[in-house]
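Peer 1: Got a file for you: final10.csv, CSV, C-alpha atoms.
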chain,number,residue,atom,x,y,z
A,1,MET,CA,47.3,28.3,-5.0
A,2,ALA,CA,44.9,30.1,-7.3
A,3,ASP,CA,47.3,29.4,-10.2
A,4,ILE,CA,47.0,25.6,-9.5
A,5,GLU,CA,43.2,25.4,-9.4
A,6,PRO,CA,42.6,26.1,-13.1
A,7,TYR,CA,45.1,23.4,-14.0
A,8,GLU,CA,43.5,20.9,-11.7
A,9,SER,CA,40.0,21.7,-13.0
A,10,ALA,CA,41.2,21.4,-16.6
A,11,LEU,CA,42.9,18.1,-15.8
A,12,ASP,CA,39.8,16.7,-14.1
A,13,ALA,CA,37.8,17.6,-17.2
A,14,ILE,CA,39.9,15.3,-19.4
A,15,PRO,CA,39.1,11.6,-18.9
A,16,GLY,CA,42.2,9.6,-18.4
A,17,ALA,CA,44.4,12.6,-18.0
A,18,HIS,CA,47.6,12.0,-16.0
A,19,PRO,CA,49.2,14.6,-13.8
A,20,TYR,CA,52.8,13.4,-14.3
A,21,PRO,CA,54.9,14.0,-17.4
A,22,ARG,CA,56.2,11.0,-19.3
A,23,SER,CA,59.7,11.5,-17.8
A,24,SER,CA,58.4,11.1,-14.3
A,25,ARG,CA,58.7,7.8,-12.4
A,26,TYR,CA,55.1,8.2,-11.4
A,27,HIS,CA,53.8,8.6,-15.0
A,28,ASP,CA,52.5,5.0,-15.1
A,29,ALA,CA,51.3,5.0,-11.5
A,30,GLU,CA,47.5,4.6,-11.1
A,31,ILE,CA,45.6,7.6,-9.9
A,32,GLY,CA,43.0,6.9,-7.3
A,33,VAL,CA,40.0,9.0,-6.2
A,34,HIS,CA,38.8,9.3,-2.7
A,35,ARG,CA,35.3,10.6,-2.1
A,36,GLY,CA,34.7,12.2,1.2
A,37,GLU,CA,31.5,12.2,3.1
A,38,ASP,CA,30.7,15.6,1.8
A,39,GLY,CA,31.1,14.3,-1.8
A,40,ARG,CA,34.4,16.1,-2.4
A,41,GLU,CA,36.8,14.1,-4.6
A,42,VAL,CA,40.5,14.0,-3.8
A,43,ARG,CA,42.8,12.5,-6.4
A,44,TYR,CA,46.0,10.7,-5.2
A,45,THR,CA,48.8,8.7,-6.7
A,46,LYS,CA,48.6,5.0,-5.7
A,47,ARG,CA,51.6,3.1,-4.6
A,48,ARG,CA,54.2,2.7,-7.3
A,49,LEU,CA,55.6,-0.8,-7.5
A,50,LEU,CA,59.0,-1.4,-8.9
A,51,PRO,CA,59.3,-3.2,-12.1
A,52,PRO,CA,60.8,-6.7,-12.0
A,53,LEU,CA,64.5,-6.8,-12.4
A,54,ALA,CA,65.6,-7.7,-15.9
A,55,GLN,CA,67.5,-10.9,-16.5
A,56,ASP,CA,70.8,-11.4,-18.4
A,57,GLY,CA,70.4,-10.2,-22.0
A,58,ASP,CA,68.2,-7.4,-20.8
A,59,GLU,CA,68.2,-3.9,-22.2
A,60,SER,CA,70.9,-2.5,-19.9
A,61,ALA,CA,74.6,-1.8,-19.9
A,62,PRO,CA,77.1,-2.3,-17.1
A,63,HIS,CA,78.7,0.7,-15.5
A,64,THR,CA,81.7,0.4,-13.1
A,65,VAL,CA,81.3,3.0,-10.4
A,66,SER,CA,84.1,5.5,-10.0
A,67,SER,CA,84.9,7.8,-7.1
A,68,GLY,CA,82.7,10.8,-7.3
A,69,ASP,CA,79.9,9.1,-9.2
A,70,ARG,CA,76.4,9.9,-8.0
A,71,PRO,CA,73.0,8.6,-9.4
A,72,ASP,CA,72.0,12.1,-10.6
A,73,LEU,CA,75.4,12.6,-12.4
A,74,LEU,CA,75.1,9.2,-14.0
A,75,ALA,CA,71.6,10.0,-15.2
A,76,GLN,CA,72.9,13.2,-16.7
A,77,ARG,CA,75.6,11.3,-18.4
A,78,TYR,CA,73.5,8.5,-19.8
A,79,PHE,CA,70.1,10.1,-20.3
A,80,GLY,CA,70.9,13.8,-20.5
A,81,ASP,CA,68.6,14.5,-17.5
A,82,PRO,CA,69.8,14.3,-13.8
A,83,GLY,CA,66.1,13.8,-12.8
A,84,GLN,CA,66.1,10.4,-14.4
A,85,TRP,CA,68.3,8.9,-11.7
A,86,TRP,CA,65.3,6.8,-10.7
A,87,GLN,CA,65.6,4.7,-13.9
A,88,ILE,CA,69.1,3.6,-12.7
A,89,ALA,CA,67.8,2.9,-9.2
A,90,ASP,CA,64.9,0.8,-10.6
A,91,ALA,CA,67.4,-1.3,-12.6
A,92,ASN,CA,69.5,-2.2,-9.5
A,93,PRO,CA,68.4,-4.0,-6.3
A,94,VAL,CA,69.1,-1.2,-3.7
A,95,LEU,CA,66.9,0.3,-1.1
A,96,ASP,CA,68.7,3.7,-1.0
A,97,PRO,CA,69.8,5.3,-4.4
A,98,ALA,CA,73.0,6.4,-2.6
A,99,GLU,CA,74.0,2.7,-2.4
A,100,LEU,CA,74.4,2.7,-6.2
A,101,THR,CA,77.5,4.8,-6.1
A,102,ASP,CA,78.8,4.6,-2.5
A,103,GLU,CA,81.4,1.9,-3.4
A,104,ALA,CA,83.9,2.6,-6.2
A,105,GLY,CA,84.5,-0.5,-8.4
A,106,ARG,CA,81.0,-1.8,-8.0
A,107,THR,CA,79.2,-2.7,-11.3
A,108,ILE,CA,75.7,-1.4,-11.7
A,109,ARG,CA,73.2,-1.7,-14.6
A,110,ILE,CA,72.2,1.3,-16.7
A,111,PRO,CA,68.9,0.7,-18.5
A,112,HIS,CA,68.4,1.7,-22.1
A,113,ALA,CA,65.9,4.5,-21.9
A,114,GLY,CA,64.5,6.6,-24.7
A,115,GLY,CA,67.3,7.8,-26.9
A,116,PHE,CA,69.9,5.7,-25.0
A,117,PRO,CA,71.9,3.7,-27.5
A,118,ALA,CA,71.7,-0.1,-27.1
A,119,SER,CA,74.9,-0.7,-29.1
A,120,GLY,CA,77.2,-0.8,-26.1
A,121,ALA,CA,79.1,2.2,-27.5
A,122,PRO,CA,81.3,4.1,-25.0
A,123,TYR,CA,79.7,7.1,-23.3
A,124,ALA,CA,81.4,10.4,-22.7
Represent the structure of the file as structure tokens.
Peer 2:
Amino acid sequence: MADIEPYESALDAIPGAHPYPRSSRYHDAEIGVHRGEDGREVRYTKRRLLPPLAQDGDESAPHTVSSGDRPDLLAQRYFGDPGQWWQIADANPVLDPAELTDEAGRTIRIPHAGGFPASGAPYA
């Protein structure tokens, strides 16, 4: 825990600093501050609201789910990072990310993220 304290102190000293990296789904989430009766401040991440679903002509490409697909594997394939599965989940109306790939033949949307080609070129 001692290793974390200097980081938190340094972060608190920078106005507007955000604790999540740009690749995190929480990067744009608002950070709240709760002040206790003793004056101690506790920072917390406020609720993250999903972005509105894009309409036709949006910046996404269709993907037909194959047997064995998983959200993390698709994120690795399309974004080069399995931790970016949340971008695919955000682009599709599901409550549970596992729903994205539980039915082979289903078509889901893959958003165009940083570095993701918008040309509709095939992906390996």
Peer 1: Which is closest to Pro62 in chain A among A:His34, A:Arg43, A:His112, A:Arg48, if we use all atoms listed in the file?
Peer 2: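 For Pro62 in chain A, the nearest of the given residues is A:His112.
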Peer 1: Would you work out the distance separating CA of Ala75 in chain A from CA of Thr101 in chain A, expressed in Å to one decimal?
Peer 2: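 Computing it gives 12.0 Å between the two atoms.
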Peer 1: Do a neighbour search on range 27-32 of chain A at 8 Å with all atoms listed in the file, toss out local chain neighbours closer than 2 positions, and write the hits as a ChimeraX atom specification.
Peer 2: /A:18-25,34,43-48
Peer 1: Work out how far CA of Ala89 in chain A is from CA of Tyr26 in chain A, in Å to one decimal.
Peer 2: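 We find that CA of Tyr26 in chain A and CA of Ala89 in chain A lie 13.9 Å from each other.
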Peer 1: Pick from A:Pro111, A:Gly36, A:Pro93, A:Pro82: nearest to Arg70 in chain A, with only C-alpha atoms counted?
Peer 2: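 Among the listed residues, the smallest separation from Arg70 in chain A belongs to A:Pro82.
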Peer 1: Report, in Å to a single decimal, how far apart CA of Gln84 in chain A and CA of Ala98 in chain A are.
Peer 2: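 Between CA of Ala98 in chain A and CA of Gln84 in chain A the gap works out to 14.2 Å.
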Peer 1: Just the residues within 7 Å of Asp72 in chain A, please, counting only C-alpha atoms, with nothing from its chain fewer than 4 positions along; format it as JSON, numbers by chain.
Peer 2: {"A": [76, 82, 83, 85]}
Peer 1: With only C-alpha atoms as the atoms that count, which of A:Leu49, A:Val42, A:Val33, A:Leu100 lies nearest to Pro71 in chain A?
Peer 2: A:Leu100
Peer 1: If we count only C-alpha atoms and set the cut-off at 7 Å, which residues sit around Val65 in chain A, ignoring sequence neighbours fewer than 4 positions away in its own chain? Please answer as an mmCIF file with C-alpha atoms, in the frame of the given file.
Peer 2:
data_model
loop_
_atom_site.group_PDB
_atom_site.id
_atom_site.type_symbol
_atom_site.label_atom_id
_atom_site.label_comp_id
_atom_site.auth_asym_id
_atom_site.auth_seq_id
_atom_site.Cartn_x
_atom_site.Cartn_y
_atom_site.Cartn_z
ATOM 1 C CA ASP A 69 79.900 9.100 -9.200
ATOM 2 C CA THR A 101 77.500 4.800 -6.100
ATOM 3 C CA ALA A 104 83.900 2.600 -6.200
ATOM 4 C CA GLY A 105 84.500 -0.500 -8.400
ATOM 5 C CA ARG A 106 81.000 -1.800 -8.000
ATOM 6 C CA THR A 107 79.200 -2.700 -11.300
#
Peer 1: Could you rebuild range 71-82 of chain A with N, CA, C and O atoms and give me the result as a short mmCIF file (atom, residue, chain, number, x, y, z; two decimals), in the coordinates of the input?
Peer 2:
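Produced file result_9.cif, reproduced below:
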data_model
loop_
_atom_site.label_atom_id
_atom_site.label_comp_id
_atom_site.auth_asym_id
_atom_site.auth_seq_id
_atom_site.Cartn_x
_atom_site.Cartn_y
_atom_site.Cartn_z
N PRO A 71 74.12 9.03 -8.47
CA PRO A 71 73.00 8.60 -9.40
C PRO A 71 72.56 9.77 -10.29
O PRO A 71 72.32 9.54 -11.48
N ASP A 72 72.48 10.99 -9.79
CA ASP A 72 72.00 12.10 -10.60
C ASP A 72 73.06 12.42 -11.73
O ASP A 72 72.69 12.74 -12.86
N LEU A 73 74.34 12.31 -11.40
CA LEU A 73 75.40 12.60 -12.40
C LEU A 73 75.39 11.49 -13.48
O LEU A 73 75.61 11.77 -14.66
N LEU A 74 75.15 10.24 -13.07
CA LEU A 74 75.10 9.20 -14.00
C LEU A 74 73.86 9.33 -14.95
O LEU A 74 73.93 9.10 -16.16
N ALA A 75 72.75 9.77 -14.39
CA ALA A 75 71.60 10.00 -15.20
C ALA A 75 71.80 11.13 -16.20
O ALA A 75 71.38 11.04 -17.36
N GLN A 76 72.51 12.16 -15.79
CA GLN A 76 72.90 13.20 -16.70
C GLN A 76 73.74 12.69 -17.84
O GLN A 76 73.53 12.98 -19.01
N ARG A 77 74.70 11.88 -17.47
CA ARG A 77 75.60 11.30 -18.40
C ARG A 77 74.96 10.41 -19.45
O ARG A 77 75.19 10.50 -20.65
N TYR A 78 74.13 9.50 -18.98
CA TYR A 78 73.50 8.50 -19.80
C TYR A 78 72.20 8.90 -20.47
O TYR A 78 71.86 8.44 -21.55
N PHE A 79 71.43 9.74 -19.77
CA PHE A 79 70.10 10.10 -20.30
C PHE A 79 69.97 11.58 -20.63
O PHE A 79 68.96 11.98 -21.18
N GLY A 80 70.96 12.39 -20.22
CA GLY A 80 70.90 13.80 -20.50
C GLY A 80 69.95 14.55 -19.54
O GLY A 80 69.58 15.69 -19.78
N ASP A 81 69.57 13.90 -18.43
CA ASP A 81 68.60 14.50 -17.50
C ASP A 81 68.93 13.94 -16.08
O ASP A 81 68.67 12.76 -15.83
N PRO A 82 69.46 14.77 -15.16
CA PRO A 82 69.80 14.30 -13.80
C PRO A 82 68.54 13.78 -13.07
O PRO A 82 68.65 12.95 -12.16
#
